[in-house]
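Engineer: Following this message is one structure expressed as structure tokens.
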Amino acid sequence: MNNLILKAKHNIIIYPFFKFYSVWKTKLNFNPVEIRGKILQKDLPVLLLSNHSTWFDGFWAEYINQKIFSRKFHFMMLESQLRRYWFFNYCGGFSVRKNSRSLLETIGYTAELLTDPGNIVLVFPQGEIQSIHNQTIRFERGAELILKKLQNQVQVVFLVSLTDFYSSEKPCLNLYLQEYNGDNYTTKTLESAFAGFYNQCIGQQIQEAK
């Protein structure tokens, strides 16, 4: 039976370049780059849930991975975009097609990746890129379905990425991290916890500008 999804690959040339490019491009375009929040290292697979408002988001997640987690990077990407930007498939990208029968295969595949403590999987639970000015966080059901399918422990980490120019020519980048320690994985609970953290990060960002 043929797979209904595009599974992640890690090409021996493209993937190392992607890792290098993620750090180089981040440092080139943003200054300073700050990682905020301490994450306790655990011998567990990592599910990284992030807001999604810029083209850079996946690169920032890999930047975080290299600085903190040091795991093999995987990320869920809309199939139409992954086919268009095919090289991401060779950097750990795998496909999702909403409202199709392949969605269950994507959920199962993601859960399978999260059985390996050497893996980190990035998911954008909002389901699509949204304006940076959209302050309302709404999750689709993907994260809940993935976590409920798992039979093993996993470290769930929230990532909130915020930029500001202030009075500088080059914007600063703050990457806020927080581990989710709850045992309730319903969409509403995850959404509420992430939204609370998101608003906290914005408040901190505003306060530091004063």
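Within each chain, counting starts at residue 1; across the structure tokens, chains are named A, B, ... in the order shown, with ligands numbered 1 upward in that order.
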If you run DSSP on the backbone here, which positions in chain A get alpha helix (DSSP H)? Please write them as a ChimeraX atom specification.
Structural biologist: /A:14-29,57-64,79-84,103-113,142-149,187-208
Engineer: Contacts between region 142-152 of chain A and region 32-136 of chain A, please, where a residue of region 32-136 of chain A counts if it comes within 7 Å (with only C-alpha atoms); show its shortest atom pair and distance in Å to one decimal, rows by chain and ascending number, as JSON lines.
Structural biologist:
```
{"residue": "A:Ile107", "atom": "CA", "partner": "A:Ile146", "partner_atom": "CA", "distance": 5.5}
{"residue": "A:Thr110", "atom": "CA", "partner": "A:Ile146", "partner_atom": "CA", "distance": 6.7}
{"residue": "A:Ala111", "atom": "CA", "partner": "A:Ile146", "partner_atom": "CA", "distance": 5.6}
{"residue": "A:Thr115", "atom": "CA", "partner": "A:Asn152", "partner_atom": "CA", "distance": 6.6}
{"residue": "A:Pro125", "atom": "CA", "partner": "A:Ala143", "partner_atom": "CA", "distance": 6.2}
```
Engineer: With C-alpha atoms kept, could you save the residues just selected as a PDB file, in the first residue's frame?
Structural biologist:
```
ATOM      1  CA  ILE A 107      -1.173  11.840  13.003  1.00  0.00           C
ATOM      2  CA  THR A 110       3.928  12.010  14.009  1.00  0.00           C
ATOM      3  CA  ALA A 111       3.167   9.830  17.026  1.00  0.00           C
ATOM      4  CA  THR A 115       8.478   7.354  20.298  1.00  0.00           C
ATOM      5  CA  PRO A 125      -1.134  23.988  16.136  1.00  0.00           C
TER       6      PRO A 125
END
```
Engineer: Compile the contact shell of Asp116 (chain A) as JSON, numbers by chain: residues with an atom at most 10 Å away, counting only C-alpha atoms, same-chain residues fewer than 4 positions apart removed.
Structural biologist: {"A": [43, 44, 45, 46, 71, 72, 111, 112, 120, 152, 154]}
Engineer: Write the selection just made, keeping N, CA, C and O atoms, as a tab-separated table (two decimals), in the first residue's frame?
Structural biologist:
```tsv
chain	number	residue	atom	x	y	z
A	43	ASP	N	15.42	12.84	28.89
A	43	ASP	CA	15.68	11.83	27.86
A	43	ASP	C	14.36	11.39	27.25
A	43	ASP	O	13.95	10.22	27.35
A	44	LEU	N	13.71	12.35	26.62
A	44	LEU	CA	12.39	12.11	26.04
A	44	LEU	C	12.32	12.75	24.66
A	44	LEU	O	13.02	13.73	24.39
A	45	PRO	N	11.47	12.24	23.78
A	45	PRO	CA	11.20	12.95	22.52
A	45	PRO	C	10.52	14.27	22.85
A	45	PRO	O	9.84	14.41	23.88
A	46	VAL	N	10.69	15.25	21.97
A	46	VAL	CA	10.17	16.60	22.21
A	46	VAL	C	9.13	16.96	21.15
A	46	VAL	O	9.40	16.85	19.95
A	71	ARG	N	18.50	17.35	18.88
A	71	ARG	CA	17.82	16.16	18.41
A	71	ARG	C	17.63	16.22	16.89
A	71	ARG	O	17.84	17.27	16.28
A	72	LYS	N	17.23	15.10	16.31
A	72	LYS	CA	16.95	15.09	14.87
A	72	LYS	C	15.65	15.84	14.64
A	72	LYS	O	14.61	15.51	15.23
A	111	ALA	N	3.08	10.57	15.76
A	111	ALA	CA	3.17	9.83	17.03
A	111	ALA	C	4.31	8.82	16.99
A	111	ALA	O	5.01	8.62	17.98
A	112	GLU	N	4.50	8.19	15.83
A	112	GLU	CA	5.61	7.23	15.68
A	112	GLU	C	6.96	7.93	15.84
A	112	GLU	O	7.87	7.41	16.52
A	120	ILE	N	12.91	15.48	17.72
A	120	ILE	CA	12.09	16.62	18.07
A	120	ILE	C	11.16	16.88	16.88
A	120	ILE	O	11.59	16.80	15.73
A	152	ASN	N	3.74	6.55	25.09
A	152	ASN	CA	4.95	6.83	25.86
A	152	ASN	C	4.96	8.29	26.30
A	152	ASN	O	4.19	9.11	25.81
A	154	VAL	N	6.34	12.09	26.57
A	154	VAL	CA	6.94	13.04	25.63
A	154	VAL	C	7.04	14.38	26.33
A	154	VAL	O	6.23	14.70	27.20
```
Engineer: Which of these, A:Phe158, A:Tyr85, A:Phe165, A:Phe75, has the shortest distance to Leu177 (chain A) once you count only C-alpha atoms?
Structural biologist: A:Phe158
Engineer: Which residues of region 72-139 of chain A have any atom within 7 Å of an atom in region 8-29 of chain A when counting only C-alpha atoms, and what is the closest pair of atoms for each, with the distance in Å to one decimal? Order the rows by chain and rising number and write it as CSV.
Structural biologist:
```
residue,atom,partner,partner_atom,distance
A:His74,CA,A:Ala8,CA,6.9
A:Asn89,CA,A:Ala8,CA,5.6
A:Tyr90,CA,A:Lys9,CA,4.6
A:Cys91,CA,A:Tyr15,CA,4.6
A:Gly92,CA,A:Ala8,CA,4.6
A:Gly93,CA,A:Ala8,CA,5.1
A:Phe94,CA,A:Ala8,CA,4.7
```
Engineer: Which residues are close to Leu190 (chain A), i.e. within 9 Å by only C-alpha atoms, leaving aside same-chain residues fewer than 4 positions away? Reply as a list in words.
Structural biologist: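 My reading of the contact set: Phe139, Ala143, Glu144, Tyr180, Gly182, Asn184, Tyr185, Thr186, Phe194 and Ala195 of chain A.
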Engineer: Dump as CSV the rows for residues of region 153-177 of chain A within 9 Å of region 196-203 of chain A: closest atom pair and distance in Å with one decimal, only C-alpha atoms counted, ordered by chain and rising residue number.
Structural biologist:
```
residue,atom,partner,partner_atom,distance
A:Phe158,CA,A:Phe197,CA,8.2
A:Leu159,CA,A:Tyr198,CA,8.7
A:Val160,CA,A:Tyr198,CA,6.3
A:Ser161,CA,A:Cys201,CA,8.9
A:Leu162,CA,A:Ile202,CA,7.8
A:Tyr176,CA,A:Cys201,CA,7.0
```
Engineer: How about saving the chosen residues, N, CA and C atoms kept, as an mmCIF file, in the first residue's frame?
Structural biologist:
```cif
data_model
loop_
_atom_site.group_PDB
_atom_site.id
_atom_site.type_symbol
_atom_site.label_atom_id
_atom_site.label_comp_id
_atom_site.auth_asym_id
_atom_site.auth_seq_id
_atom_site.Cartn_x
_atom_site.Cartn_y
_atom_site.Cartn_z
ATOM 1 N N PHE A 158 6.317 24.707 24.653
ATOM 2 C CA PHE A 158 5.753 25.836 23.918
ATOM 3 C C PHE A 158 6.879 26.757 23.461
ATOM 4 N N LEU A 159 6.785 27.231 22.230
ATOM 5 C CA LEU A 159 7.709 28.230 21.689
ATOM 6 C C LEU A 159 6.904 29.418 21.186
ATOM 7 N N VAL A 160 7.228 30.591 21.732
ATOM 8 C CA VAL A 160 6.631 31.842 21.254
ATOM 9 C C VAL A 160 7.749 32.710 20.702
ATOM 10 N N SER A 161 7.643 33.067 19.431
ATOM 11 C CA SER A 161 8.662 33.876 18.756
ATOM 12 C C SER A 161 8.124 35.285 18.557
ATOM 13 N N LEU A 162 8.858 36.276 19.077
ATOM 14 C CA LEU A 162 8.436 37.673 18.965
ATOM 15 C C LEU A 162 9.602 38.540 18.495
ATOM 16 N N TYR A 176 10.825 32.599 23.280
ATOM 17 C CA TYR A 176 10.381 32.255 24.628
ATOM 18 C C TYR A 176 9.992 30.776 24.672
#
```
Engineer: Can you list, as an MDAnalysis selection string, all residues belonging to region 26-182 of chain A that DSSP tags as strand (DSSP E)?
Structural biologist: chainID A and resid 33:36 46:50 72:78 93:96 119:123 155:164 172:180
Engineer: I'd like to know which of A:Gln41, A:Ser131, A:Ser70, A:Asn174 is closest to Gln155 (chain A), using only C-alpha atoms.
Structural biologist: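 Among the listed residues, A:Gln41 lies closest to Gln155 (chain A).
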Engineer: By how many Å are CA of Arg97 (chain A) and CA of Leu4 (chain A) apart?
Structural biologist: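 Result for CA of Arg97 (chain A) versus CA of Leu4 (chain A): 9.5 Å, one decimal.
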Engineer: Tell me which protein, DNA and RNA residues are within 10 Å of Ile39 (chain A), counting only C-alpha atoms, leaving out same-chain ones fewer than 3 positions away, and put them as a CSV table (one decimal) with C-alpha atoms, in the first residue's frame.
Structural biologist:
```
chain,number,residue,atom,x,y,z
A,36,ARG,CA,14.1,33.1,27.1
A,42,LYS,CA,15.0,15.0,29.7
A,68,ILE,CA,19.1,23.4,23.5
A,69,PHE,CA,17.8,20.0,22.4
A,155,GLN,CA,8.2,16.5,26.6
A,157,VAL,CA,7.4,22.6,24.9
A,177,LEU,CA,10.2,28.7,25.9
A,178,GLN,CA,8.0,27.0,28.4
A,179,GLU,CA,7.4,23.3,29.2
```
Engineer: Restricting the calculation to only C-alpha atoms: of A:Gly58, A:Pro171, A:Gly108, A:Gly37, which residue gets closest to Phe124 (chain A)?
Structural biologist: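 So, comparing all the options, the nearest one is A:Gly58.
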Engineer: Distance CA of Val96 (chain A)-CA of Phe56 (chain A), one decimal place?
Structural biologist: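 Computing it gives 19.4 Å between the two atoms.
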Engineer: Excluding Tyr166 (chain A) and its own-chain neighbours fewer than 2 positions away, which residues fall within 12 Å of it when counting only C-alpha atoms? Please give them as a VMD selection string.
Structural biologist: chain A and resid 31 to 32 163 to 164 168 to 173 205 to 206 208 to 210
Engineer: Have a look at CA of Leu122 (chain A) and CA of Leu49 (chain A) and let me know their distance in Å, one decimal.
Structural biologist: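 Separation between CA of Leu122 (chain A) and CA of Leu49 (chain A): 6.2 Å.
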